[in-house]
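Novice: So that you have it, the file is my_file-v2.csv, and it contains CSV, C-alpha atoms:
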```csv
chain,number,residue,atom,x,y,z
A,237,MET,CA,-5.4,5.3,2.0
A,238,LYS,CA,-8.2,7.6,2.7
A,239,ARG,CA,-8.3,11.4,2.3
A,240,LEU,CA,-4.9,11.5,0.6
A,241,ARG,CA,-6.1,9.2,-2.1
A,242,ALA,CA,-9.3,11.2,-2.6
A,243,CYS,CA,-7.4,14.5,-2.9
A,244,LEU,CA,-4.3,13.3,-4.7
A,245,GLY,CA,-5.1,10.0,-6.4
A,246,ALA,CA,-8.5,11.3,-7.5
A,247,ALA,CA,-7.1,14.7,-8.0
A,248,ALA,CA,-5.5,13.2,-11.1
A,249,ALA,CA,-8.8,11.5,-11.7
A,250,VAL,CA,-9.3,10.7,-8.1
A,251,THR,CA,-4.9,0.5,-1.4
A,252,LEU,CA,-1.8,-18.2,-4.8
A,253,ALA,CA,-1.1,-21.1,-6.3
A,254,ALA,CA,0.6,-21.0,-9.7
A,255,ALA,CA,-2.2,-20.4,-12.1
A,256,GLY,CA,-1.8,-21.6,-15.7
A,257,THR,CA,-5.4,-21.7,-16.5
A,258,THR,CA,-6.8,-20.3,-19.7
A,259,ALA,CA,-9.0,-17.8,-17.8
A,260,LEU,CA,-6.0,-16.3,-16.1
A,261,VAL,CA,-3.7,-16.0,-19.1
A,262,ALA,CA,-6.0,-15.2,-22.0
A,263,GLY,CA,-5.2,-12.0,-23.6
A,264,ASN,CA,-2.1,-11.4,-21.5
A,265,ALA,CA,-0.2,-9.0,-23.8
A,266,SER,CA,3.1,-9.6,-22.1
A,267,GLY,CA,2.9,-13.4,-22.5
A,268,ALA,CA,3.6,-14.0,-18.9
A,269,THR,CA,1.9,-17.3,-17.7
A,270,THR,CA,3.8,-18.0,-14.4
A,271,ALA,CA,2.4,-16.7,-11.2
A,272,LEU,CA,4.5,-15.8,-8.2
A,273,SER,CA,3.9,-17.4,-4.8
A,274,ASN,CA,1.0,-16.3,-2.7
A,275,ARG,CA,3.4,-14.7,-0.3
A,276,TRP,CA,4.6,-12.2,-3.0
A,277,TYR,CA,1.0,-11.1,-3.9
A,278,ALA,CA,0.4,-10.8,-0.1
A,279,ALA,CA,3.4,-8.5,0.2
A,280,ALA,CA,2.8,-6.3,-2.8
A,281,PRO,CA,2.8,-2.5,-1.8
A,282,TYR,CA,0.4,-0.1,-3.6
A,283,LEU,CA,1.7,1.9,-6.6
A,284,MET,CA,-0.3,4.4,-8.6
A,285,PRO,CA,1.0,3.8,-12.1
A,286,LEU,CA,-0.5,7.0,-13.7
A,287,ASP,CA,-0.6,9.5,-10.8
A,288,ASN,CA,1.4,10.9,-7.9
A,289,ASP,CA,4.7,10.9,-9.7
A,290,PRO,CA,5.0,7.2,-10.3
A,291,PRO,CA,8.4,5.8,-9.4
A,292,ASP,CA,10.4,3.5,-11.6
A,293,PRO,CA,9.5,-0.1,-10.5
A,294,SER,CA,12.7,-1.4,-12.0
A,295,ALA,CA,14.7,0.8,-9.7
A,296,ILE,CA,12.7,-0.4,-6.7
A,297,MET,CA,13.1,-4.0,-7.7
A,298,ASP,CA,16.9,-3.5,-8.0
A,299,ALA,CA,17.3,-1.7,-4.8
A,300,THR,CA,15.0,-3.8,-2.6
A,301,GLY,CA,14.5,-7.2,-4.2
A,302,LEU,CA,10.7,-6.5,-4.4
A,303,LYS,CA,8.9,-8.6,-7.0
A,304,ALA,CA,5.2,-7.7,-6.7
A,305,PHE,CA,3.3,-4.4,-7.0
A,306,GLN,CA,-0.4,-3.6,-6.2
A,307,LEU,CA,-1.4,-1.2,-9.0
A,308,ALA,CA,-4.2,1.3,-8.0
A,309,PHE,CA,-7.1,2.0,-8.7
A,310,VAL,CA,-9.6,0.7,-11.2
A,311,LEU,CA,-12.9,2.6,-11.0
A,312,ALA,CA,-16.1,3.2,-13.1
A,313,PRO,CA,-15.9,5.9,-15.7
A,314,ASN,CA,-16.3,9.4,-14.3
A,315,GLY,CA,-19.1,10.0,-16.9
A,316,GLY,CA,-21.0,6.9,-15.8
A,317,GLY,CA,-21.1,3.3,-17.1
A,318,CYS,CA,-20.1,-0.2,-16.1
A,319,SER,CA,-16.6,-0.5,-17.7
A,320,PRO,CA,-13.2,-0.4,-16.0
A,321,THR,CA,-11.0,2.6,-16.1
A,322,TRP,CA,-7.8,3.7,-14.3
A,323,GLY,CA,-8.8,6.5,-11.9
A,324,GLY,CA,-12.2,7.1,-13.7
A,325,THR,CA,-10.6,8.6,-16.8
A,326,ALA,CA,-8.3,6.1,-18.6
A,327,PRO,CA,-10.2,3.1,-20.1
A,328,VAL,CA,-8.6,-0.2,-19.4
A,329,SER,CA,-9.6,-1.4,-22.9
A,330,SER,CA,-7.3,1.0,-24.7
A,331,ASP,CA,-4.6,1.3,-22.0
A,332,THR,CA,-1.0,1.0,-23.1
A,333,ALA,CA,0.8,2.9,-20.3
A,334,VAL,CA,0.0,0.6,-17.5
A,335,GLN,CA,0.5,-2.5,-19.7
A,336,SER,CA,4.0,-1.2,-20.5
A,337,MET,CA,4.8,-0.9,-16.7
A,338,ILE,CA,3.5,-4.4,-16.2
A,339,ASN,CA,5.6,-5.8,-19.0
A,340,THR,CA,8.7,-4.1,-17.5
A,341,ILE,CA,8.0,-5.7,-14.1
A,342,ARG,CA,7.4,-9.1,-15.5
A,343,GLY,CA,10.5,-8.8,-17.7
A,344,LYS,CA,12.4,-8.6,-14.4
A,345,GLY,CA,10.8,-11.7,-13.0
A,346,GLY,CA,8.0,-9.8,-11.0
A,347,ASP,CA,4.3,-9.5,-11.3
A,348,VAL,CA,1.4,-7.3,-10.3
A,349,SER,CA,-2.0,-7.4,-8.6
A,350,VAL,CA,-4.6,-4.8,-9.5
A,351,SER,CA,-6.6,-2.9,-6.8
A,352,ILE,CA,-10.1,-1.8,-7.5
A,353,GLY,CA,-12.0,0.8,-5.5
A,354,GLY,CA,-10.1,2.9,-3.0
A,355,TYR,CA,-11.3,6.1,-1.3
A,356,GLY,CA,-13.5,8.4,-3.3
A,357,GLY,CA,-14.5,8.1,-7.0
A,358,THR,CA,-17.3,6.0,-8.4
A,359,LYS,CA,-16.8,2.3,-8.0
A,360,LEU,CA,-18.0,-0.4,-10.4
A,361,GLY,CA,-20.0,-1.9,-7.6
A,362,GLN,CA,-22.0,1.3,-7.5
A,363,ALA,CA,-22.3,1.7,-11.3
A,364,CYS,CA,-23.0,-1.9,-12.4
A,365,ALA,CA,-26.4,-3.5,-12.2
A,366,ASP,CA,-25.6,-6.6,-10.3
A,367,PRO,CA,-22.8,-9.0,-9.2
A,368,ALA,CA,-22.6,-10.6,-12.6
A,369,ALA,CA,-22.2,-7.3,-14.5
A,370,THR,CA,-19.7,-6.1,-11.9
A,371,ALA,CA,-17.7,-9.3,-12.3
A,372,ALA,CA,-17.8,-9.0,-16.1
A,373,ALA,CA,-16.2,-5.6,-15.8
A,374,TYR,CA,-13.4,-6.8,-13.6
A,375,GLN,CA,-12.9,-9.9,-15.8
A,376,GLN,CA,-11.9,-7.5,-18.5
A,377,VAL,CA,-9.1,-6.3,-16.3
A,378,ILE,CA,-8.0,-9.8,-15.4
A,379,THR,CA,-8.0,-10.9,-19.0
A,380,LYS,CA,-6.3,-7.8,-20.4
A,381,TYR,CA,-3.4,-8.0,-18.0
A,382,GLY,CA,-3.3,-11.8,-17.4
A,383,LEU,CA,-3.7,-11.2,-13.7
A,384,HIS,CA,-3.0,-13.8,-11.0
A,385,ALA,CA,-4.1,-11.5,-8.2
A,386,ILE,CA,-6.7,-8.8,-7.5
A,387,ASP,CA,-7.6,-6.6,-4.5
A,388,PHE,CA,-11.0,-5.3,-3.6
A,389,ASP,CA,-10.4,-2.1,-1.7
A,390,LEU,CA,-13.8,-1.4,-0.2
A,391,GLU,CA,-14.0,2.0,1.6
A,392,GLU,CA,-16.0,5.2,1.7
A,393,PRO,CA,-18.3,6.0,0.2
A,394,GLU,CA,-19.0,2.7,-1.4
A,395,TYR,CA,-18.9,0.5,1.7
A,396,GLU,CA,-21.8,2.6,3.1
A,397,ASN,CA,-23.9,1.4,0.1
A,398,THR,CA,-25.5,-2.0,0.8
A,399,ALA,CA,-26.3,-2.7,-2.9
A,400,ALA,CA,-22.8,-1.7,-4.0
A,401,ILE,CA,-21.1,-4.0,-1.4
A,402,HIS,CA,-23.5,-6.8,-2.5
A,403,ASN,CA,-22.2,-6.3,-6.0
A,404,GLU,CA,-18.6,-6.2,-5.1
A,405,ILE,CA,-18.6,-9.3,-2.8
A,406,GLY,CA,-20.7,-11.2,-5.4
A,407,ALA,CA,-18.3,-10.2,-8.2
A,408,ALA,CA,-15.3,-11.3,-6.1
A,409,LYS,CA,-16.9,-14.7,-5.6
A,410,ILE,CA,-17.6,-15.1,-9.3
A,411,LEU,CA,-14.1,-14.1,-10.2
A,412,GLN,CA,-12.7,-16.5,-7.7
A,413,GLN,CA,-14.8,-19.3,-9.2
A,414,ASP,CA,-14.1,-18.4,-12.8
A,415,ASN,CA,-10.3,-17.9,-12.4
A,416,PRO,CA,-8.9,-20.9,-10.5
A,417,GLY,CA,-5.9,-19.9,-8.4
A,418,LEU,CA,-6.7,-16.2,-8.4
A,419,TYR,CA,-5.3,-14.5,-5.3
A,420,VAL,CA,-8.1,-12.3,-3.9
A,421,SER,CA,-7.7,-9.8,-1.0
A,422,VAL,CA,-10.4,-7.6,0.4
A,423,THR,CA,-9.2,-4.4,2.1
A,424,THR,CA,-11.3,-2.1,4.3
A,425,ALA,CA,-11.0,0.6,6.9
A,426,GLY,CA,-9.5,-0.1,10.3
A,427,THR,CA,-10.5,1.2,13.7
A,428,ALA,CA,-9.2,0.7,17.3
A,429,ASP,CA,-11.9,-2.1,17.6
A,430,GLY,CA,-10.6,-3.7,14.4
A,431,THR,CA,-13.1,-2.3,11.9
A,432,GLY,CA,-16.2,-0.2,12.1
A,433,TRP,CA,-19.9,-0.9,11.5
A,434,PHE,CA,-19.6,-0.8,7.7
A,435,GLY,CA,-16.6,-3.1,7.8
A,436,LYS,CA,-18.5,-5.6,9.9
A,437,GLN,CA,-21.5,-5.4,7.6
A,438,MET,CA,-19.2,-6.2,4.6
A,439,LEU,CA,-17.9,-9.3,6.5
A,440,LEU,CA,-21.5,-10.4,7.1
A,441,GLU,CA,-22.3,-9.9,3.4
A,442,ALA,CA,-19.3,-12.2,2.5
A,443,LYS,CA,-20.6,-14.8,5.0
A,444,SER,CA,-24.1,-14.6,3.6
A,445,GLN,CA,-22.8,-15.2,0.0
A,446,GLY,CA,-20.4,-18.0,1.1
A,447,PHE,CA,-17.4,-16.0,0.0
A,448,THR,CA,-13.9,-16.5,1.5
A,449,PRO,CA,-11.0,-14.5,0.0
A,450,ASN,CA,-7.4,-15.2,0.7
A,451,ASN,CA,-7.6,-12.4,3.3
A,452,PHE,CA,-9.6,-9.6,4.8
A,453,SER,CA,-7.1,-6.7,5.4
A,454,ILE,CA,-7.7,-3.6,7.6
A,455,MET,CA,-6.0,-0.2,7.3
A,456,PRO,CA,-5.2,0.9,10.8
A,457,PHE,CA,-4.5,4.5,10.1
A,458,ASP,CA,-6.5,7.8,9.8
A,459,GLY,CA,-8.5,6.8,12.8
A,460,GLY,CA,-6.6,8.2,15.8
A,461,PHE,CA,-3.8,5.6,15.7
A,462,ASN,CA,-0.5,6.3,17.5
A,463,GLY,CA,2.3,4.1,16.3
A,464,ALA,CA,2.6,0.3,16.1
A,465,ALA,CA,1.1,-0.6,19.4
A,466,SER,CA,-2.2,0.8,18.4
A,467,GLN,CA,-2.1,-1.0,15.1
A,468,THR,CA,-1.2,-4.4,16.5
A,469,SER,CA,-4.0,-3.9,19.1
A,470,ALA,CA,-6.5,-3.2,16.2
A,471,LEU,CA,-5.2,-6.4,14.4
A,472,THR,CA,-5.8,-8.4,17.5
A,473,ASN,CA,-9.4,-7.0,17.8
A,474,PHE,CA,-10.0,-7.6,14.1
A,475,ASN,CA,-8.9,-11.2,14.5
A,476,ALA,CA,-11.7,-11.6,17.2
A,477,ILE,CA,-14.2,-10.2,14.7
A,478,LEU,CA,-13.2,-12.7,12.1
A,479,GLN,CA,-13.5,-15.5,14.6
A,480,SER,CA,-17.0,-14.5,15.7
A,481,THR,CA,-18.2,-13.7,12.2
A,482,PHE,CA,-17.1,-16.9,10.4
A,483,GLY,CA,-16.8,-19.3,13.3
A,484,TRP,CA,-13.0,-19.7,12.8
A,485,ASP,CA,-10.5,-20.5,15.5
A,486,GLN,CA,-7.8,-17.9,16.2
A,487,ALA,CA,-5.2,-19.5,13.9
A,488,THR,CA,-7.6,-19.8,11.0
A,489,ALA,CA,-8.6,-16.2,11.4
A,490,TYR,CA,-5.0,-15.0,11.4
A,491,ALA,CA,-4.4,-17.1,8.2
A,492,HIS,CA,-7.2,-15.0,6.6
A,493,GLU,CA,-6.1,-11.6,8.1
A,494,GLY,CA,-4.0,-8.8,6.5
A,495,PHE,CA,-2.5,-5.5,7.4
A,496,SER,CA,-2.4,-2.5,5.0
A,497,GLY,CA,-0.5,0.4,6.5
A,498,MET,CA,0.5,3.9,5.5
A,499,ASN,CA,4.2,4.8,5.5
A,500,GLY,CA,5.3,8.0,7.2
A,501,ARG,CA,2.8,10.7,7.9
A,502,SER,CA,-0.9,9.7,7.4
A,503,ASP,CA,-3.7,11.9,6.1
A,504,THR,CA,-4.6,12.9,9.6
A,505,GLY,CA,-1.1,13.6,10.8
A,506,GLU,CA,-0.3,10.2,12.5
A,507,ILE,CA,3.4,9.2,12.1
A,508,PHE,CA,4.4,5.6,11.2
A,509,SER,CA,8.1,5.2,11.2
A,510,GLN,CA,10.4,2.4,10.0
A,511,ALA,CA,10.5,1.1,13.6
A,512,ASP,CA,6.7,0.9,13.6
A,513,PHE,CA,6.7,-1.1,10.4
A,514,GLN,CA,9.2,-3.5,11.9
A,515,THR,CA,7.0,-4.0,15.0
A,516,VAL,CA,3.9,-4.7,12.9
A,517,LEU,CA,5.9,-7.0,10.6
A,518,ASP,CA,7.1,-9.0,13.6
A,519,TYR,CA,3.4,-9.2,14.8
A,520,ALA,CA,2.2,-10.3,11.3
A,521,THR,CA,4.9,-13.0,10.9
A,522,SER,CA,4.7,-14.3,14.4
A,523,HIS,CA,0.9,-14.7,14.0
A,524,ASN,CA,1.1,-16.2,10.5
A,525,MET,CA,-1.0,-13.5,9.0
A,526,ASP,CA,-1.7,-13.7,5.3
A,527,ARG,CA,-0.9,-10.2,4.1
A,528,PHE,CA,1.4,-7.2,4.8
A,529,THR,CA,1.2,-4.2,2.5
A,530,PHE,CA,1.2,-0.4,2.6
A,531,TRP,CA,0.2,2.8,0.9
A,532,SER,CA,2.3,3.6,-1.0
A,533,LEU,CA,5.4,3.2,-3.1
A,534,ASN,CA,4.8,6.6,-4.6
A,535,ARG,CA,5.4,7.9,-1.1
A,536,ASP,CA,8.3,5.7,-0.2
A,537,ARG,CA,11.0,8.4,-0.5
A,538,GLN,CA,12.0,11.4,1.5
A,539,CYS,CA,10.5,14.9,1.2
A,540,SER,CA,12.5,18.0,1.2
A,541,PRO,CA,12.6,19.0,4.0
A,542,PRO,CA,12.0,15.6,5.4
A,543,ASP,CA,8.9,16.6,7.3
A,544,ASN,CA,7.5,18.3,4.2
A,545,GLY,CA,6.6,21.3,6.4
A,546,GLY,CA,4.3,19.2,8.6
A,547,ARG,CA,2.1,18.2,5.6
A,548,THR,CA,1.1,14.9,4.1
A,549,SER,CA,2.2,14.2,0.5
A,550,GLY,CA,1.2,11.7,-2.1
A,551,THR,CA,4.8,11.6,-3.5
A,552,CYS,CA,6.9,11.4,-0.3
A,553,SER,CA,6.6,10.1,3.2
A,554,SER,CA,7.1,13.3,5.3
A,555,VAL,CA,9.6,11.4,7.6
A,556,ALA,CA,13.3,11.0,7.4
A,557,GLN,CA,14.1,7.9,5.3
A,558,GLY,CA,16.2,6.4,2.4
A,559,ASP,CA,14.5,5.7,-0.9
A,560,TRP,CA,12.3,2.5,-0.6
A,561,ASP,CA,13.0,2.0,3.1
A,562,PHE,CA,9.4,0.8,3.6
A,563,ALA,CA,9.3,-1.5,0.6
A,564,LYS,CA,12.0,-3.6,2.3
A,565,TYR,CA,9.5,-4.6,5.0
A,566,SER,CA,7.2,-6.1,2.3
A,567,VAL,CA,10.2,-7.9,0.9
A,568,LYS,CA,10.9,-9.3,4.4
A,569,PHE,CA,7.3,-10.4,4.7
A,570,ALA,CA,7.7,-12.4,1.5
A,571,GLY,CA,10.6,-14.2,3.1
A,572,VAL,CA,13.5,-12.5,1.3
A,573,THR,CA,16.4,-10.6,2.7
A,574,PRO,CA,16.6,-7.2,1.0
A,575,PRO,CA,20.0,-6.4,-0.6
A,576,THR,CA,22.2,-4.0,1.3
A,577,THR,CA,23.6,-1.1,-0.7
A,578,THR,CA,25.9,1.7,0.3
A,579,PRO,CA,25.8,4.7,-2.1
A,580,THR,CA,29.2,5.8,-3.3
A,581,PRO,CA,29.4,9.6,-3.0
A,582,THR,CA,31.2,11.7,-5.6
A,583,PRO,CA,34.4,13.1,-4.0
A,584,GLY,CA,33.9,16.8,-3.1
A,585,SER,CA,30.1,16.8,-3.9
A,586,CYS,CA,28.9,17.0,-0.2
A,587,LYS,CA,29.4,19.6,2.5
A,588,PRO,CA,31.7,18.7,5.4
A,589,ALA,CA,30.4,15.8,7.4
A,590,TRP,CA,28.3,16.5,10.4
A,591,ASN,CA,30.1,16.0,13.7
A,592,ALA,CA,28.2,15.4,17.0
A,593,SER,CA,30.7,17.4,19.1
A,594,THR,CA,30.7,20.5,16.9
A,595,ALA,CA,28.4,23.4,17.8
A,596,TYR,CA,26.7,24.8,14.7
A,597,THR,CA,24.9,28.1,14.2
A,598,GLY,CA,22.1,29.1,11.9
A,599,GLY,CA,23.3,28.9,8.2
A,600,ASP,CA,26.1,26.3,8.8
A,601,GLU,CA,26.0,23.5,6.3
A,602,VAL,CA,27.0,19.9,6.7
A,603,SER,CA,26.4,16.5,5.1
A,604,TYR,CA,24.8,13.4,6.6
A,605,GLY,CA,23.3,10.3,5.1
A,606,GLN,CA,24.3,11.4,1.6
A,607,HIS,CA,22.3,14.6,2.0
A,608,ASP,CA,23.4,18.2,2.6
A,609,TRP,CA,21.8,20.0,5.6
A,610,LYS,CA,21.6,23.6,6.7
A,611,ALA,CA,21.3,24.6,10.3
A,612,LYS,CA,18.2,26.6,11.1
A,613,TRP,CA,19.5,27.7,14.5
A,614,TRP,CA,22.3,26.9,17.0
A,615,THR,CA,22.6,23.1,17.5
A,616,GLN,CA,24.9,20.5,18.9
A,617,ASN,CA,24.7,16.7,18.9
A,618,GLU,CA,21.3,16.7,17.1
A,619,VAL,CA,21.3,14.3,14.2
A,620,PRO,CA,20.2,15.8,10.9
A,621,GLY,CA,16.8,14.4,9.9
A,622,ALA,CA,16.2,12.6,13.2
A,623,SER,CA,13.3,14.8,14.1
A,624,GLN,CA,10.7,16.4,11.7
A,625,TRP,CA,10.8,19.5,13.9
A,626,GLY,CA,14.6,19.5,14.4
A,627,PRO,CA,17.2,22.1,13.7
A,628,TRP,CA,18.3,20.9,10.3
A,629,GLN,CA,16.8,21.7,6.9
A,630,ASP,CA,17.4,19.1,4.2
A,631,GLU,CA,19.0,20.6,1.1
A,632,GLY,CA,18.8,17.4,-1.0
A,633,ALA,CA,20.9,14.5,-1.9
A,634,CYS,CA,24.6,15.0,-2.5
```
Would you mind giving the structure from this file in C-alpha cells?
Specialist:
Amino acid sequence: MKRLRACLGAAAAVTLAAAGTTALVAGNASGATTALSNRWYAAAPYLMPLDNDPPDPSAIMDATGLKAFQLAFVLAPNGGGCSPTWGGTAPVSSDTAVQSMINTIRGKGGDVSVSIGGYGGTKLGQACADPAATAAAYQQVITKYGLHAIDFDLEEPEYENTAAIHNEIGAAKILQQDNPGLYVSVTTAGTADGTGWFGKQMLLEAKSQGFTPNNFSIMPFDGGFNGAASQTSALTNFNAILQSTFGWDQATAYAHEGFSGMNGRSDTGEIFSQADFQTVLDYATSHNMDRFTFWSLNRDRQCSPPDNGGRTSGTCSSVAQGDWDFAKYSVKFAGVTPPTTTPTPTPGSCKPAWNASTAYTGGDEVSYGQHDWKAKWWTQNEVPGASQWGPWQDEGAC
C-alpha cells in the first residue's frame, strides 16, 4: 500500500462483538445498528470509495459473497487542521458520497470499517495536538458512519514521527475505551524480519500505553518479497516480535497478528498471484491469525493487456485474473464458500476458441476465458494470459 497509494490515492488527494452501544450507533445515517462478526471485519479488503475508479460494491458482494469493506483513507485536511477528511480534500462532516456507498453495502447485509492514515498525505496524528484531540477527530468518523470497526494504517512518513505515533496509539486506546466492542486493527510496514525499526517502535509505544488492538497487521510487500514463501516467513518472524514485545506465547501472538497483502503486481514490481494468496491464507487459518486483507478491491480486476505493459496500476492488478478473484480469499478467511459463477457468453460474440494443438502466427485471434486474444508472434500450446510476457495480447472481454 506504499508508493502506489501515494502516487494514485494521494494523486486524487493522495490499507468484534456485536455492538449496540449508543457510542457506536449515534448519528448513523443509515440506521444500521447490527455489527457483523469479528471475522468479517478481519477479512475486509481495502476499497477507495472516491478515487482509483471505485468498483461497485454491490457487484462484488453478489459475485463473491463478500460482506465487509475497508474504506480508505481518512486524513487531515491538506490545508491544515485537526478535522477528518477523505484523502485530505473531502470533509467527513459534509460527506454524502461515501455515506451513500455505506448505505448500499448495509442495505445488502454488509458493513464497513474505515482506515485512517496510509502512505503519504498528512495524518491526523501529525496535525492534532495530543491523543485526546486526535481521538476526537476520529470519533467524528465513528459517529457519522455508525462504525463498528476502524483501522489505523501507520506508515511513512507518520510512523517515523514519535509524537504522531504517540497521538495515534493514544487515540486508538481512547476510541477502544469509549466505543465498547469496536474492532480495532493496526496496520504497518512489513520486512523480511517481520517489521522494521519504526514498526517495532510503534509496538513499544502501544506497550507503554497499555494498548492492545484486535490485531497488529504487517504488509509484506514492497520490500524485496518474492511470493508467498517470503511472506509467510515474515509473518513467522513478526510473530516472534509480538511474543518478545508483549510477553505473549506463540498462540496468543498469532491471535493478535494480521496479514495485509497486495494483489497482483506491487509498487516495486513483485508479483503476488492467486496461488500466493491461497498459500498465505492457508498459513493464516492454520495458525489462527486474526486478520487477512489486501490492497485493494480497486485493483481486483484484470488490466488490458493483463500485465499492463509491466506497470503497476491503482485500478487493475497487472496479472491474469477474473474480476474479484482476490476478494474470494477474504471471503474464505471469513469462513464462507464463495459462489461459483460461470459467465454465459453471447453466441457469436467471441473469436474462435483457442486450441492447444493449433499453431498460431502473429495477428491470429482467438477467445479464451471469455476474453478475445491476438497473437503477437508464432505460438503453439501457450495459454492466453498465463504469462505476463507471453505471446498473447488481451483484447478485452467478449
Novice: To one decimal place, how far is CA of Thr300 in chain A from CA of Val567 in chain A in Å?
Specialist: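 About the pair CA of Thr300 in chain A and CA of Val567 in chain A: they are 7.2 Å apart.
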Novice: Could you check which of A:Lys380, A:Ser480, A:Phe528, A:Tyr565 is closest to Gln510 in chain A, using all atoms listed in the file?
Specialist: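 Looking only at the distances to Gln510 in chain A, the closest residue turns out to be A:Tyr565.
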Novice: Which neighbours of Ala622 in chain A fall inside 10 Å, counting all atoms listed in the file, when residues of the same chain fewer than 6 positions from it are skipped, and could you give them as a ChimeraX atom specification?
Specialist: /A:542,555-557,628
Novice: Quick one: contact table of range 441-533 of chain A to range 266-290 of chain A, 6 Å max, nearest atom pair and distance in Å to one decimal per residue, counting only C-alpha atoms, chain and number order, as CSV?
Specialist:
```
residue,atom,partner,partner_atom,distance
A:Arg527,CA,A:Ala278,CA,4.4
A:Phe528,CA,A:Ala279,CA,5.2
A:Thr529,CA,A:Pro281,CA,4.9
A:Phe530,CA,A:Pro281,CA,5.1
A:Trp531,CA,A:Tyr282,CA,5.4
A:Ser532,CA,A:Tyr282,CA,4.9
A:Leu533,CA,A:Leu283,CA,5.3
```
Novice: Tell me, as a PyMOL selection string, which residues lie within 7 Å of range 423-433 of chain A, counting all atoms listed in the file; anything in the same chain fewer than 3 positions away does not count.
Specialist: chain A and resi 388-391+436-437+452-457+459+470-471+473-474
Novice: Between A:Ser294, A:Ser349, A:Thr448, A:Thr576, which residue has the minimum interatomic distance to Met337 in chain A, considering only C-alpha atoms?
Specialist: A:Ser294
Novice: When you count only C-alpha atoms, which of these residues is closest to Asn451 in chain A: A:Tyr395, A:Tyr381, A:Tyr419, A:Phe434?
Specialist: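 The answer is A:Tyr419, which sits nearest to Asn451 in chain A.
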Novice: Which value, in Å to one decimal, gives the distance between CA of Gly346 in chain A and CA of Val572 in chain A?
Specialist: 13.7 Å
Novice: Taking the block above, write range 302-316 of chain A with N, CA and C atoms as a PDB file, in the first residue's frame.
Specialist:
```
ATOM      1  N   LEU A 302     -18.769 -11.472  -0.465  1.00  0.00           N
ATOM      2  CA  LEU A 302     -18.099 -10.579   0.482  1.00  0.00           C
ATOM      3  C   LEU A 302     -19.122  -9.712   1.202  1.00  0.00           C
ATOM      4  N   LYS A 303     -18.874  -9.463   2.505  1.00  0.00           N
ATOM      5  CA  LYS A 303     -19.799  -8.642   3.280  1.00  0.00           C
ATOM      6  C   LYS A 303     -19.166  -7.376   3.847  1.00  0.00           C
ATOM      7  N   ALA A 304     -17.837  -7.333   3.992  1.00  0.00           N
ATOM      8  CA  ALA A 304     -17.197  -6.207   4.670  1.00  0.00           C
ATOM      9  C   ALA A 304     -16.149  -5.547   3.779  1.00  0.00           C
ATOM     10  N   PHE A 305     -16.061  -4.227   3.890  1.00  0.00           N
ATOM     11  CA  PHE A 305     -15.141  -3.425   3.084  1.00  0.00           C
ATOM     12  C   PHE A 305     -14.357  -2.495   3.999  1.00  0.00           C
ATOM     13  N   GLN A 306     -13.059  -2.311   3.682  1.00  0.00           N
ATOM     14  CA  GLN A 306     -12.183  -1.424   4.438  1.00  0.00           C
ATOM     15  C   GLN A 306     -12.012  -0.142   3.630  1.00  0.00           C
ATOM     16  N   LEU A 307     -12.770   0.903   3.947  1.00  0.00           N
ATOM     17  CA  LEU A 307     -12.755   2.131   3.159  1.00  0.00           C
ATOM     18  C   LEU A 307     -11.548   2.988   3.523  1.00  0.00           C
ATOM     19  N   ALA A 308     -10.862   3.532   2.493  1.00  0.00           N
ATOM     20  CA  ALA A 308      -9.602   4.231   2.717  1.00  0.00           C
ATOM     21  C   ALA A 308      -9.545   5.530   1.913  1.00  0.00           C
ATOM     22  N   PHE A 309      -8.902   6.587   2.439  1.00  0.00           N
ATOM     23  CA  PHE A 309      -8.271   6.775   3.726  1.00  0.00           C
ATOM     24  C   PHE A 309      -8.731   8.094   4.314  1.00  0.00           C
ATOM     25  N   VAL A 310      -8.849   8.141   5.641  1.00  0.00           N
ATOM     26  CA  VAL A 310      -9.159   9.389   6.338  1.00  0.00           C
ATOM     27  C   VAL A 310      -7.854  10.062   6.737  1.00  0.00           C
ATOM     28  N   LEU A 311      -7.710  11.333   6.363  1.00  0.00           N
ATOM     29  CA  LEU A 311      -6.503  12.116   6.622  1.00  0.00           C
ATOM     30  C   LEU A 311      -6.875  13.480   7.206  1.00  0.00           C
ATOM     31  N   ALA A 312      -5.865  14.216   7.624  1.00  0.00           N
ATOM     32  CA  ALA A 312      -6.049  15.615   7.997  1.00  0.00           C
ATOM     33  C   ALA A 312      -6.270  16.436   6.730  1.00  0.00           C
ATOM     34  N   PRO A 313      -6.884  17.606   6.838  1.00  0.00           N
ATOM     35  CA  PRO A 313      -7.076  18.450   5.648  1.00  0.00           C
ATOM     36  C   PRO A 313      -5.742  18.852   5.032  1.00  0.00           C
ATOM     37  N   ASN A 314      -5.688  18.883   3.722  1.00  0.00           N
ATOM     38  CA  ASN A 314      -4.449  19.290   3.043  1.00  0.00           C
ATOM     39  C   ASN A 314      -4.003  20.687   3.454  1.00  0.00           C
ATOM     40  N   GLY A 315      -4.957  21.548   3.776  1.00  0.00           N
ATOM     41  CA  GLY A 315      -4.613  22.909   4.165  1.00  0.00           C
ATOM     42  C   GLY A 315      -4.300  23.074   5.637  1.00  0.00           C
ATOM     43  N   GLY A 316      -4.305  21.953   6.375  1.00  0.00           N
ATOM     44  CA  GLY A 316      -4.011  22.012   7.803  1.00  0.00           C
ATOM     45  C   GLY A 316      -5.263  21.927   8.646  1.00  0.00           C
TER      46      GLY A 316
END
```
